[in-house]
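For reference, protein-v7.csv is printed below; it contains CSV, C-alpha atoms.
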chain,number,residue,atom,x,y,z
A,1,MET,CA,17.1,15.9,-15.4
A,2,THR,CA,14.3,15.0,-13.1
A,3,ASN,CA,14.5,15.0,-9.4
A,4,LEU,CA,12.9,12.4,-7.1
A,5,LYS,CA,11.3,15.3,-5.2
A,6,ASP,CA,9.3,16.0,-8.4
A,7,TYR,CA,7.5,12.7,-7.8
A,8,ALA,CA,7.2,12.9,-4.0
A,9,LYS,CA,3.4,13.3,-4.0
A,10,SER,CA,2.9,10.5,-6.4
A,11,ILE,CA,5.2,8.1,-4.7
A,12,VAL,CA,3.9,8.8,-1.2
A,13,TYR,CA,0.3,8.9,-2.2
A,14,GLY,CA,0.5,5.8,-4.4
A,15,GLY,CA,2.7,3.8,-2.0
A,16,LEU,CA,0.6,4.6,1.1
A,17,ASP,CA,-2.7,3.8,-0.7
A,18,GLY,CA,-1.2,0.6,-2.1
A,19,ILE,CA,-0.1,-0.6,1.3
A,20,ILE,CA,-3.3,0.4,3.1
A,21,THR,CA,-5.9,-0.7,0.7
A,22,THR,CA,-4.2,-4.0,0.0
A,23,PHE,CA,-3.6,-4.7,3.6
A,24,ALA,CA,-7.1,-3.6,4.5
A,25,LEU,CA,-8.4,-6.1,2.0
A,26,VAL,CA,-6.2,-8.8,3.6
A,27,ALA,CA,-7.1,-7.9,7.1
A,28,GLY,CA,-10.9,-7.8,6.3
A,29,ALA,CA,-10.6,-11.2,4.6
A,30,VAL,CA,-8.7,-12.7,7.6
A,31,GLY,CA,-11.2,-11.1,10.0
A,32,GLY,CA,-14.0,-12.7,8.0
A,33,LYS,CA,-12.2,-16.0,7.9
A,34,LEU,CA,-12.0,-16.1,4.1
A,35,GLY,CA,-9.4,-18.4,2.6
A,36,THR,CA,-5.9,-17.8,1.2
A,37,MET,CA,-7.0,-18.2,-2.4
A,38,THR,CA,-9.7,-15.5,-1.9
A,39,ILE,CA,-7.1,-13.2,-0.4
A,40,ILE,CA,-4.7,-13.7,-3.3
A,41,ILE,CA,-7.3,-13.2,-5.9
A,42,LEU,CA,-8.8,-10.1,-4.3
A,43,GLY,CA,-5.4,-8.8,-3.4
A,44,PHE,CA,-4.1,-8.9,-7.0
A,45,SER,CA,-7.4,-7.6,-8.4
A,46,ASN,CA,-7.1,-4.7,-6.0
A,47,LEU,CA,-3.4,-4.1,-6.9
A,48,LEU,CA,-4.0,-3.8,-10.6
A,49,ALA,CA,-7.4,-2.1,-10.7
A,50,ASP,CA,-6.9,0.3,-7.9
A,51,GLY,CA,-3.3,1.0,-9.0
A,52,PHE,CA,-4.6,1.9,-12.5
A,53,SER,CA,-7.4,4.0,-11.0
A,54,MET,CA,-4.9,5.9,-8.8
A,55,ALA,CA,-2.6,6.4,-11.7
A,56,ILE,CA,-5.4,7.8,-13.9
A,57,GLY,CA,-6.5,10.0,-11.0
A,58,ASP,CA,-3.0,11.3,-10.6
A,59,TYR,CA,-2.8,12.0,-14.3
A,60,LEU,CA,-6.1,13.8,-14.4
A,61,SER,CA,-5.4,15.9,-11.3
A,62,SER,CA,-1.9,16.7,-12.6
A,63,THR,CA,-3.4,18.0,-15.9
A,64,THR,CA,-5.6,20.4,-14.0
A,65,GLU,CA,-2.5,22.3,-12.7
A,66,LYS,CA,-1.4,25.0,-15.1
A,67,HIS,CA,2.3,24.4,-14.7
A,68,THR,CA,2.1,20.6,-15.4
A,69,ASP,CA,2.4,19.5,-19.0
A,70,ASN,CA,1.1,16.3,-20.4
A,71,LYS,CA,4.4,14.5,-20.4
A,72,GLN,CA,4.9,15.3,-16.7
A,73,ALA,CA,1.4,14.2,-15.9
A,74,VAL,CA,2.1,10.8,-17.5
A,75,LYS,CA,5.3,10.5,-15.4
A,76,ASN,CA,3.3,11.3,-12.3
A,77,ALA,CA,0.8,8.7,-13.2
A,78,LEU,CA,3.5,6.1,-13.8
A,79,ALA,CA,5.2,6.9,-10.4
A,80,THR,CA,1.8,6.5,-8.7
A,81,PHE,CA,1.1,3.2,-10.4
A,82,LEU,CA,4.6,1.8,-9.6
A,83,ALA,CA,4.6,3.0,-6.0
A,84,PHE,CA,1.0,1.6,-5.5
A,85,ASN,CA,2.0,-1.8,-6.8
A,86,GLY,CA,5.4,-2.0,-5.3
A,87,PHE,CA,4.4,-1.1,-1.8
A,88,GLY,CA,1.0,-2.8,-2.2
A,89,LEU,CA,2.5,-6.2,-3.1
A,90,LEU,CA,4.1,-6.4,0.4
A,91,PRO,CA,0.9,-7.4,2.3
A,92,LEU,CA,0.4,-10.3,-0.2
A,93,LEU,CA,4.0,-11.7,0.0
A,94,SER,CA,3.3,-14.0,2.9
A,95,TYR,CA,0.2,-15.4,1.2
A,96,LEU,CA,2.2,-16.0,-2.1
A,97,LEU,CA,5.0,-17.8,-0.2
A,98,ILE,CA,2.6,-19.8,2.1
A,99,ASN,CA,3.4,-23.1,0.3
A,100,GLN,CA,7.1,-22.5,-0.1
A,101,VAL,CA,8.1,-21.6,3.5
A,102,GLU,CA,6.7,-23.4,6.5
A,103,LEU,CA,7.1,-20.4,8.8
A,104,PHE,CA,4.8,-18.4,6.3
A,105,ARG,CA,2.3,-21.2,6.5
A,106,ASN,CA,2.1,-21.1,10.3
A,107,TYR,CA,2.2,-17.3,10.7
A,108,THR,CA,0.8,-15.9,7.5
A,109,PHE,CA,-1.1,-13.0,8.8
A,110,LEU,CA,1.4,-12.1,11.5
A,111,ILE,CA,4.2,-12.0,8.8
A,112,ALA,CA,1.9,-9.9,6.6
A,113,CYS,CA,1.4,-7.5,9.6
A,114,PHE,CA,5.2,-7.3,10.0
A,115,LEU,CA,5.8,-6.7,6.3
A,116,VAL,CA,3.2,-4.0,6.3
A,117,ALA,CA,4.6,-2.3,9.4
A,118,LEU,CA,8.1,-2.4,7.8
A,119,ALA,CA,6.7,-1.0,4.5
A,120,LEU,CA,5.0,1.8,6.3
A,121,VAL,CA,8.1,2.7,8.2
A,122,LEU,CA,10.1,2.6,4.9
A,123,LEU,CA,7.5,4.8,3.2
A,124,GLY,CA,7.7,7.3,6.1
A,125,ILE,CA,11.5,7.4,5.8
A,126,VAL,CA,11.2,7.9,2.0
A,127,LYS,CA,8.7,10.7,2.5
A,128,ALA,CA,11.0,12.4,5.1
A,129,ALA,CA,14.0,12.1,2.8
A,130,ILE,CA,12.2,13.5,-0.2
A,131,THR,CA,10.6,16.3,1.6
A,132,HIS,CA,13.3,17.0,4.2
A,133,GLN,CA,10.9,16.5,7.1
A,134,SER,CA,11.4,14.8,10.4
A,135,LYS,CA,11.9,11.1,9.9
A,136,ARG,CA,10.3,10.3,13.3
A,137,LYS,CA,7.3,12.4,12.6
A,138,GLU,CA,6.7,11.0,9.1
A,139,VAL,CA,7.2,7.4,10.3
A,140,ILE,CA,4.7,7.9,13.2
A,141,ARG,CA,2.1,9.5,10.9
A,142,THR,CA,2.5,6.8,8.2
A,143,VAL,CA,2.3,3.9,10.6
A,144,ALA,CA,-0.6,5.4,12.5
A,145,VAL,CA,-2.7,5.8,9.4
A,146,GLY,CA,-2.0,2.3,8.3
A,147,LEU,CA,-2.7,0.9,11.8
A,148,ILE,CA,-6.1,2.6,12.1
A,149,ALA,CA,-7.2,1.5,8.6
A,150,SER,CA,-6.1,-2.1,9.3
A,151,PHE,CA,-7.9,-2.3,12.6
A,152,VAL,CA,-11.1,-1.0,11.0
A,153,ALA,CA,-10.9,-3.5,8.1
A,154,TYR,CA,-10.1,-6.4,10.3
A,155,TYR,CA,-13.0,-5.8,12.7
A,156,VAL,CA,-15.5,-5.0,9.9
A,157,GLY,CA,-14.5,-8.3,8.3
A,158,TYR,CA,-14.8,-10.1,11.6
A,159,LEU,CA,-18.3,-8.7,12.3
A,160,LEU,CA,-19.5,-9.3,8.8
A,161,GLY,CA,-18.1,-12.9,9.0
A,162,LEU,CA,-20.2,-13.4,12.1
A,163,LEU,CA,-23.3,-12.0,10.5
A,164,VAL,CA,-23.0,-13.9,7.2

Translate the structure of the given file into structure tokens.
Amino acid sequence: MTNLKDYAKSIVYGGLDGIITTFALVAGAVGGKLGTMTIIILGFSNLLADGFSMAIGDYLSSTTEKHTDNKQAVKNALATFLAFNGFGLLPLLSYLLINQVELFRNYTFLIACFLVALALVLLGIVKAAITHQSKRKEVIRTVAVGLIASFVAYYVGYLLGLLV
């Protein structure tokens, strides 16, 4: 029987990258004043392509370890792909629901920020639970990484939007 701890690296790595890269794309597009349709198209393109790339990367890196067999490497890759897409979908939810819920229409990016912060906190808690580390420390680390990447993406998008 497999243990969730066996997939901790894949879940945390895939989930964190899914949240950060997808939200960085959203933040950069908002900073550059691109439209909702662009955000949705690029967001889902990122989810599938980057999620696949991360999964293959996990598979290939797992097969370089002597103690990891092919079956386990496939399971690691699947865990990465699912975590990437599961967590990475959260930054796009407010854009997907923009026409269904008026609150989402008026505060789309703010709600996306809230969902991302919530997802980063959740991922920090999951990481702490799997690895038996301090919840506070893991939440702070996870949120800090996401916050820094988001600020960089937003302001790069903003500056490029001014130049283009």

Give me, please, the distance in Å between CA of Lys71 (chain A) and CA of Asn3 (chain A), quoted to one decimal.
-> 14.9 Å

What gap, in Å, lies between CA of Val116 (chain A) and CA of Leu48 (chain A)?
->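 About the pair CA of Val116 (chain A) and CA of Leu48 (chain A): they are 18.4 Å apart.
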
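Among A:Ala83, A:Ala55, A:Leu160, A:Val152, the residue with the shortest atom-to-atom distance to Leu123 (chain A), counting only C-alpha atoms, is A:Ala83.
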
Between CA of Thr131 (chain A) and CA of Asp17 (chain A), what is the distance, to one decimal in Å?
-> 18.4 Å

Given all atoms listed in the file as the counted atoms, nearest of A:Leu16, A:Ile130, A:Leu4, A:Leu92 to Leu42 (chain A) =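 Closest to Leu42 (chain A), using all atoms listed in the file: A:Leu92.
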
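Take the candidates A:Glu138, A:Glu102, A:Asp50, A:Asp6 and check each one against Asn76 (chain A) using all atoms listed in the file; the shortest distance goes to A:Asp6.
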
Looking at all atoms listed in the file, which of A:Gly32, A:Gly43, A:Gly124, A:Gly86 is the one that sits closest to Val164 (chain A)?
->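 Distance minimum relative to Val164 (chain A) lands on A:Gly32.
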
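Comparing A:Ile111, A:Ile98, A:Val12, A:Val156 by their smallest distance to Thr142 (chain A), the closest is A:Val12 (using only C-alpha atoms).
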
Neighbours of Ala144 (chain A) within 10 Å (all atoms listed in the file; same-chain residues fewer than 5 positions away dropped), as a ChimeraX atom specification?
-> /A:117,120,138-139,149-150

Find the spatial neighbours of Gly57 (chain A), counting only C-alpha atoms, within a cut-off of 10 Å - ignore same-chain residues fewer than 6 positions away - and output them as a PDB file with C-alpha atoms, in the coordinates of the input.
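Below you can see result_20.pdb, which holds the result:
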ATOM      1  CA  GLY A  51      -3.300   1.000  -9.000  1.00  0.00           C
ATOM      2  CA  THR A  63      -3.400  18.000 -15.900  1.00  0.00           C
ATOM      3  CA  ASN A  76       3.300  11.300 -12.300  1.00  0.00           C
ATOM      4  CA  ALA A  77       0.800   8.700 -13.200  1.00  0.00           C
ATOM      5  CA  THR A  80       1.800   6.500  -8.700  1.00  0.00           C
TER       6      THR A  80
END
